[in-house]
Structures are given as C-alpha cells and as structure tokens.
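Peer 1: This is the structure I want to talk about, given as structure tokens.
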Number of protein chains: 2
Amino acid sequence: MTGNSVRATLRDVASAAGVSLATASKALNGRSDVKADTRVRVLEAAEDLQFTPNSVAQHLVSGRTRSVGLITSDLVGRFSLPILRGVEGAFGSQQMSVLLTDAREDSIREQHHVRTLLGRKVDGLIVVGSRTDPRPSLGRHLPVPVVYTYAPSDDPQDLSLICDNVGAGELVTRHLLSLGRRRIAHILGDGTYQASHDRLAGITAALAEAGVELVGAHDMFGSWTESWGRAATTQIMDAHPRVDAIICSSDQIARGCLDSLRERGVTVPGDVAVASFDNWEILATGSRPELTSVDMNFQAMGKAAAEQIVVALDGEPRAGLLTQVCRLAIRGSTVGE
Amino acid sequence: MTGNSVRATLRDVASAAGVSLATASKALNGRSDVKADTRVRVLEAAEDLQFTPNSVAQHLVSGRTRSVGLITSDLVGRFSLPILRGVEGAFGSQQMSVLLTDAREDSIREQHHVRTLLGRKVDGLIVVGSRTDPRPSLGRHLPVPVVYTYAPSDDPQDLSLICDNVGAGELVTRHLLSLGRRRIAHILGDGTYQASHDRLAGITAALAEAGVELVGAHDMFGSWTESWGRAATTQIMDAHPRVDAIICSSDQIARGCLDSLRERGVTVPGDVAVASFDNWEILATGSRPELTSVDMNFQAMGKAAAEQIVVALDGEPRAGLLTQVCRLAIRGSTVGE
DNA sequence: TTGTACGCGTTATCAC
DNA sequence: GTGATAACGCGTACAA
C-alpha cells in the first residue's frame, strides 16, 4: 500500500525539490522562466515520486477537461469501436480521453447521459447512431460542440458526419461494370432504413450512367439477414437465370446469397459476381469466396469527428452534413484468383 | 449561444434563490438542516438555470470521481461492449462513468493509458484482455483497485474474472449426451490459446464421466476460422462417418462445419448435431440451422467487475480468480424443430 | 529566476 | 436554519 507513490501531489514534488509550488508547476510545464538546474531538480523529484498531475484539478483552472463524451446506440460495437479508435488516434499525444456511454436507442437514457457528461465537463460530444436515418437533434443550447456520426441530426444547424451510401452504391456498381457485368440484380435491405434506399439510388444512378438496367424488382425490401439473402437469391435466379452479378445491401444478405448460389451450382464469381456493403470482417472474410464489400471507413469517421470537435473548440464550428468517402474492399467474390 | 444555461454554477443558483452558497449546496444535496420552503426556492432556481453540478469540482473535495477506466485490447468490441454495458448497469443510478481506452495489445500503450487514467483519478481500473491466457499484471502499487477480466493477471494477488471454459466444455458435452449422442467429435481451435485447451479438457472430462470416448484426434489444433471448420469437418467425416455430433471450439469454426456438412448431404441435427462456443449472435443466428452455442456471459462479467470495484473501494478487496458461469443458448443445430 | 496569493466550483465544518 | 470560510490540486498574474 505505497499508495502515496501515485497520489503524490505537486506540493510534494515542490517540497522534495526544495522549491515553491509555482516554480514546480512552471518547471513541469516547460515554461521558459526557470533555471535549468532547478528544472532538473523538479523533474527528478517528480520522477522519484511518480508524480502524475491531477487532471481533475487542472480542469478546474483551465476550463478544459480534454475529454469527449461518446454516446452510442450501437449494440454490438460495430460502429462505436472503430470510431473510438479514430477519436483516440486523432488527438495523438493531445491526450483526449473518451467517456463512453450506451444510450440503447432510448432518448430518455440519452438525455440522462448528456446531462451526466456535461456535468463532467467534457469538451465535446460525439453521438453515434445505429442507423443512417436522421435522428432528433440534442438541441442548440448545449455548451459544447456536438458531432453526430453515422446518423445525422435532423437539425441542419448541427454538424453531422455521414456515410455516403449513394456513393457506395455507385462505387460497387462501377466496379462490377468495369468487370464486364451487365445483367446486375440487387437484393435490397430493410426498407425502413434510409441506407437501403440510398444504396439502391447509387446503384441505379451508376447503371443509368452506363445505359444499363437493373435486373429484377426495385422495390422488394427485406431484412438485414442471411435468410433474406437466401430467399431473395432464389427468387432472382428463378426469374432471371442469366443474371451475372448480384449486389447485396449488406454482408449478411450476401452470406445468404453465396450459400444459395452454391446450392444451385452457380459458381462465384465465374457465373455470378457478388458484392455487398459494410465490410464486416468476420462475415466478409469467412465466406467462400471472400466477399467484395464497401467499407464505410468508420475509423476515419471517428477521426474526423474528433477533429471537428477540436475545430469547433478553437474557432468557428461547422454545420451541416459532411459526407465520408467510402472505399471498396475487393475480394474473391468479384475477382477470381 | 445561451451557454450560461448549462454553465450555471452553484453560486448563480444561490444568488438567484437569495441564499448563501452553503445553503444552496445543502438544499440540493438533500441535507436535513434546511427549511422546507428554502429548499423549494433553491430547487426552483436550479431548475430555472438548468444547473448541473460540476462533478469535476465535486471530485476535488470528495476524492471520488465516480468513474472507472476500461482498458481494452479487443479489436472488434466483442468483449468490451457487453462488459461496458454490464458496468453501466451495475451501478444503476450510482452514476459511474466509464473511460474507455484501447491498448491494442501493446503494453507501452497500456502503460500510457494507465497513467492517463490515474491522472484523471478514476476510482478503479478494469482491464479487458483479448484472449484467455494469463497476462502480465499491472503491478501491485496502483492506488486504485484493478479487476482483470477475460484474461487473468499472472499475479494471484490480483483479482481476475475469467470465463469458465472448462465448464463450458462440460456444459455443451452434457447437452449432447442428454440428447443421446455418443459418437462425439471435437474440432479444436487455435492451439496457442488457452481457451482451446480448456474447452477440450471440459469436453473430455464430461465424456469420461459418461464413459464415452471422444471420436477422432485430440491434438489437431487449427485456427478460429470458417475455413478450418470446413477442412476439419471433411477430415472427421471421412475418417469417422458414423459421428453423430461435432463440438466446434468457436462459432466461426461451426459455421464452416455446417457448410461442409450440408455439402456432403449430412443433415443437422438429424444425422449430426453441431454445437460451439461464444454465441456470437451475428454468426450463431445467421446459420442454417441456427447454432447451439455456449454464451460466455460477458455482460454479467462486466457487472461483476464493476461490483468488485465497488467492493474493493469500500471494504476489503478480493484477490485470485473468480470464475464466471456460462450458459447454453440452445438452437436448431442440436435440437430440431 | 523565484515565491506569494488568488481563483476555479463544490462540500464540510464550524460559528451565528 | 443559515451563512462565512477553509479545504481539494493546480495554474498563473503579480510581486519580490
């Protein structure tokens, strides 16, 4: 129980070094007006005592806690963890800490967390949605900058970072077109998600650009499940046996699709290329063949969110929608080895 | 920019209510020695000004921050998020906040985070490992209680919460035995993980108890992948076609196993029952049939970790290994509908 | 170059 | 029942 080791306070360091509190503070903070050997003495004392500045006390005087609150509604950490990592990375040595809370899509709980985080004087708030549809704003009255990620705020005065689902649809479609595919079908996701519609829009836009028509229905929404992927694939292949590519609106759907194709003896990517969205590693790299999928770049999104907090903190905050570029992870389901 | 609304300080509340700082504080904290209508006035003023106590300042005097640091090395949030949720749940209205940091299995980074978190005066530390093997202790000199979860500390003086992988092996084996299965094979996981060995130990123990021998090899370790599941299944079915159950050391392996069985025309669970470990929803409920799998109860683990922090905080801390019970999620791969 | 003194927002101990 | 006042640990004008 040598607890004092880390509980050492600046006062201890000062007296150990035989200087005053103020001098010790200056020495540790690298201020210029302190004699070289005095600084050394202080630094040694601090090292000796394992001194760690009490950032809680630092805040009280500086006004900044160097911490951000992350409010997530994402059950499985699919979005939150990459974003957390992006946030940590963005600040580098700046030492920004992340207070993570889980709102579970419950606005009461969310409000509660906002209060708590504000009480803890976080310097900013990052709200992570669970779906891409606009969500209610936390309001304009908050004393710290707020960045909405994944799900945009419904208030255009807020700053929201969103995935470019339309662009993602275009990206994957162009990829397939470039491979010579022309009879392309699409398995939609859950129709209650904006992402489903956006991805479809991107796909049809890219196809139209190339003068190609989407094969099959444009309005058969389903769910983000493997079983829907299997069922939809069966329908498509029965109705349009000459299809040469299928774009699935999520990796889970694509897994079902691949299953179904293999059962029918359809080769991938030989007969039919398959591509999807999300690039969820565990799903995309476990399948046979591995899945070509659009990566939504969550980590970059987290980084951007953190940067926007900083920008807002010292300067003029931005507002509106900031679209995050996505990228294609190309694997065996579209490009055979 | 009515920032003052939330920036309101106790002083503002006090003057608005026409009382002193001290009285305002007492009123808000429900202390007895304050007249009823005075309290009402203060409460109203606080409500009016949207007063939120500055918990940073509260800490400075109380010594408690009501926050814990969560240091994770879990890339995908597989363990961290359920544990986070457990932690949040454990404290209920106690308002414990969680500072999440990502060490990425790098001890330098980990040390760095420990320093940072201690500087922020967290009341406790929860370390989440990425594998079940023992990991180096953070040391005994820390001024706050530390709980190791998932991966135990190598110092028996520390408190570690671990999954009962041996028990999990027994659990799933007894389940299969109770269904009348007797020719049971096992696909091992990555041999460099303690979990692989423990699960195997549990399985053989339960089998021995029933006087049954494990079918096939006991020492063919592989990896936590679907492709290993497929390859191993092929080997097993070729060598032991009369097998009536396969226990896979992870859900990913099981997914490969199911794939392989379907291709051979083996019905599940008719001909062969399949069960596994982890109960990773996205994998276990997407398969055909859905997977029976042992759930390691991460959320309960997080709850327990939080509780142990509290116990250590006010009273005598515990040491040693605390084993977390697991439970079986029974689905179609062992019990046909 | 160094030290003194004050303030950050809150709680707690005392007088009144 | 209420109100000054002293902490808590630190940064920083300002004085020495």
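Following the order of the structure tokens, chains are lettered A, B, ..., residues in each are numbered from 1, and ligands are numbered from 1.
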Identify all chain D residues at most 7 Å from chain B by counting only C-alpha atoms (C1' of nucleotides); ligands do not count. Present them as a VMD selection string.
Peer 2: chain D and resid 1 to 3 8
Peer 1: Please report, as a PyMOL selection string, each residue of segment 49-129 of chain A to which DSSP assigns strand (DSSP E or B) when run on this structure's backbone.
Peer 2: chain A and resi 67-72+97-102+124-128
Peer 1: With a distance threshold of 8 Å and counting only C-alpha atoms (C1' of nucleotides), extract the residues of chain C near chain B and express them as number ranges by chain.
Peer 2: C: 9-11
Peer 1: Would you mind exporting N, CA and C atoms (P, O5', C5', C4', C3', O3' and C1' of nucleotides) of the selected residues as a PDB file, in the first residue's frame?
Peer 2:
ATOM      1  P    DG C   9     -16.254  28.430 -11.885  1.00  0.00           P
ATOM      2  O5'  DG C   9     -16.771  27.244 -10.961  1.00  0.00           O
ATOM      3  C5'  DG C   9     -16.928  25.949 -11.530  1.00  0.00           C
ATOM      4  C4'  DG C   9     -17.298  24.965 -10.446  1.00  0.00           C
ATOM      5  C3'  DG C   9     -18.591  25.303  -9.703  1.00  0.00           C
ATOM      6  O3'  DG C   9     -19.381  24.137  -9.665  1.00  0.00           O
ATOM      7  C1'  DG C   9     -16.825  25.018  -8.163  1.00  0.00           C
ATOM      8  P    DT C  10     -20.785  24.115  -8.937  1.00  0.00           P
ATOM      9  O5'  DT C  10     -20.448  23.333  -7.605  1.00  0.00           O
ATOM     10  C5'  DT C  10     -19.981  21.992  -7.704  1.00  0.00           C
ATOM     11  C4'  DT C  10     -19.319  21.554  -6.422  1.00  0.00           C
ATOM     12  C3'  DT C  10     -20.224  21.512  -5.197  1.00  0.00           C
ATOM     13  O3'  DT C  10     -20.728  20.180  -5.057  1.00  0.00           O
ATOM     14  C1'  DT C  10     -18.006  22.298  -4.705  1.00  0.00           C
ATOM     15  P    DT C  11     -21.807  19.896  -3.950  1.00  0.00           P
ATOM     16  O5'  DT C  11     -20.908  19.608  -2.675  1.00  0.00           O
ATOM     17  C5'  DT C  11     -20.019  18.492  -2.683  1.00  0.00           C
ATOM     18  C4'  DT C  11     -19.202  18.484  -1.403  1.00  0.00           C
ATOM     19  C3'  DT C  11     -20.025  18.334  -0.118  1.00  0.00           C
ATOM     20  O3'  DT C  11     -19.412  17.317   0.672  1.00  0.00           O
ATOM     21  C1'  DT C  11     -18.600  20.203   0.041  1.00  0.00           C
TER      22       DT C  11
END
Peer 1: Among segment 17-66 of chain B, which ones does DSSP place in helix (DSSP H, G or I), written as a short mmCIF file (atom, residue, chain, number, x, y, z; two decimals) with N, CA and C atoms, in the first residue's frame?
Peer 2:
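Output contents, as saved in result_26.cif:
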data_model
loop_
_atom_site.label_atom_id
_atom_site.label_comp_id
_atom_site.auth_asym_id
_atom_site.auth_seq_id
_atom_site.Cartn_x
_atom_site.Cartn_y
_atom_site.Cartn_z
N ALA B 17 -31.66 32.25 -5.73
CA ALA B 17 -32.59 31.84 -4.69
C ALA B 17 -32.48 32.75 -3.47
N LEU B 21 -24.17 30.24 -0.64
CA LEU B 21 -23.61 29.06 -1.30
C LEU B 21 -23.86 27.80 -0.48
N ALA B 22 -23.53 27.89 0.78
CA ALA B 22 -23.63 26.73 1.66
C ALA B 22 -25.05 26.19 1.71
N THR B 23 -25.98 27.08 1.87
CA THR B 23 -27.37 26.65 1.95
C THR B 23 -27.83 26.01 0.65
N ALA B 24 -27.46 26.62 -0.45
CA ALA B 24 -27.83 26.06 -1.74
C ALA B 24 -27.30 24.64 -1.87
N SER B 25 -26.08 24.47 -1.50
CA SER B 25 -25.47 23.14 -1.57
C SER B 25 -26.25 22.15 -0.74
N LYS B 26 -26.54 22.53 0.48
CA LYS B 26 -27.28 21.62 1.36
C LYS B 26 -28.65 21.28 0.78
N ALA B 27 -29.33 22.29 0.30
CA ALA B 27 -30.66 22.08 -0.25
C ALA B 27 -30.61 21.07 -1.40
N LEU B 28 -29.65 21.27 -2.28
CA LEU B 28 -29.57 20.41 -3.46
C LEU B 28 -29.17 18.99 -3.09
N ALA B 36 -38.00 23.83 4.67
CA ALA B 36 -38.67 23.25 3.50
C ALA B 36 -38.81 24.25 2.36
N ASP B 37 -39.31 25.44 2.67
CA ASP B 37 -39.56 26.36 1.56
C ASP B 37 -38.27 26.98 1.02
N THR B 38 -37.25 27.01 1.84
CA THR B 38 -35.95 27.44 1.32
C THR B 38 -35.48 26.45 0.27
N ARG B 39 -35.61 25.18 0.64
CA ARG B 39 -35.20 24.13 -0.30
C ARG B 39 -35.95 24.27 -1.61
N VAL B 40 -37.23 24.49 -1.51
CA VAL B 40 -38.04 24.63 -2.73
C VAL B 40 -37.50 25.78 -3.58
N ARG B 41 -37.23 26.89 -2.95
CA ARG B 41 -36.73 28.04 -3.71
C ARG B 41 -35.44 27.68 -4.43
N VAL B 42 -34.55 27.02 -3.72
CA VAL B 42 -33.27 26.64 -4.33
C VAL B 42 -33.49 25.68 -5.49
N LEU B 43 -34.31 24.69 -5.24
CA LEU B 43 -34.58 23.70 -6.29
C LEU B 43 -35.16 24.37 -7.53
N GLU B 44 -36.05 25.30 -7.30
CA GLU B 44 -36.64 26.00 -8.45
C GLU B 44 -35.59 26.80 -9.20
N ALA B 45 -34.77 27.49 -8.44
CA ALA B 45 -33.71 28.28 -9.08
C ALA B 45 -32.80 27.38 -9.90
N ALA B 46 -32.47 26.24 -9.32
CA ALA B 46 -31.59 25.30 -10.02
C ALA B 46 -32.25 24.83 -11.30
N GLU B 47 -33.51 24.52 -11.21
CA GLU B 47 -34.26 24.07 -12.38
C GLU B 47 -34.25 25.17 -13.44
N ASP B 48 -34.56 26.36 -12.99
CA ASP B 48 -34.59 27.54 -13.87
C ASP B 48 -33.30 27.70 -14.65
N SER B 55 -19.16 18.00 -11.64
CA SER B 55 -18.66 16.84 -10.89
C SER B 55 -17.15 16.87 -10.79
N VAL B 56 -16.52 17.64 -11.65
CA VAL B 56 -15.07 17.78 -11.54
C VAL B 56 -14.73 18.45 -10.21
N ALA B 57 -15.45 19.50 -9.92
CA ALA B 57 -15.21 20.20 -8.66
C ALA B 57 -15.62 19.32 -7.48
N GLN B 58 -16.69 18.58 -7.67
CA GLN B 58 -17.12 17.70 -6.60
C GLN B 58 -16.02 16.73 -6.24
N HIS B 59 -15.37 16.22 -7.27
CA HIS B 59 -14.30 15.27 -7.01
C HIS B 59 -13.23 15.86 -6.13
N LEU B 60 -12.87 17.07 -6.46
CA LEU B 60 -11.72 17.69 -5.81
C LEU B 60 -11.89 17.66 -4.29
N VAL B 61 -13.12 17.79 -3.86
CA VAL B 61 -13.35 17.79 -2.43
C VAL B 61 -13.66 16.40 -1.90
N SER B 62 -14.35 15.59 -2.71
CA SER B 62 -14.77 14.28 -2.21
C SER B 62 -13.69 13.22 -2.37
#
Peer 1: What is the distance between atom C1' of DT12 of chain D and atom CA of Lys121 of chain B, in Å to one decimal?
Peer 2: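 Answer for the atom C1' of DT12 of chain D to atom CA of Lys121 of chain B separation: 23.4 Å.
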Peer 1: Just how far from atom CA of Gly77 of chain A is atom CA of Pro136 of chain B, in Å to one decimal?
Peer 2: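 A separation of 26.5 Å between them.
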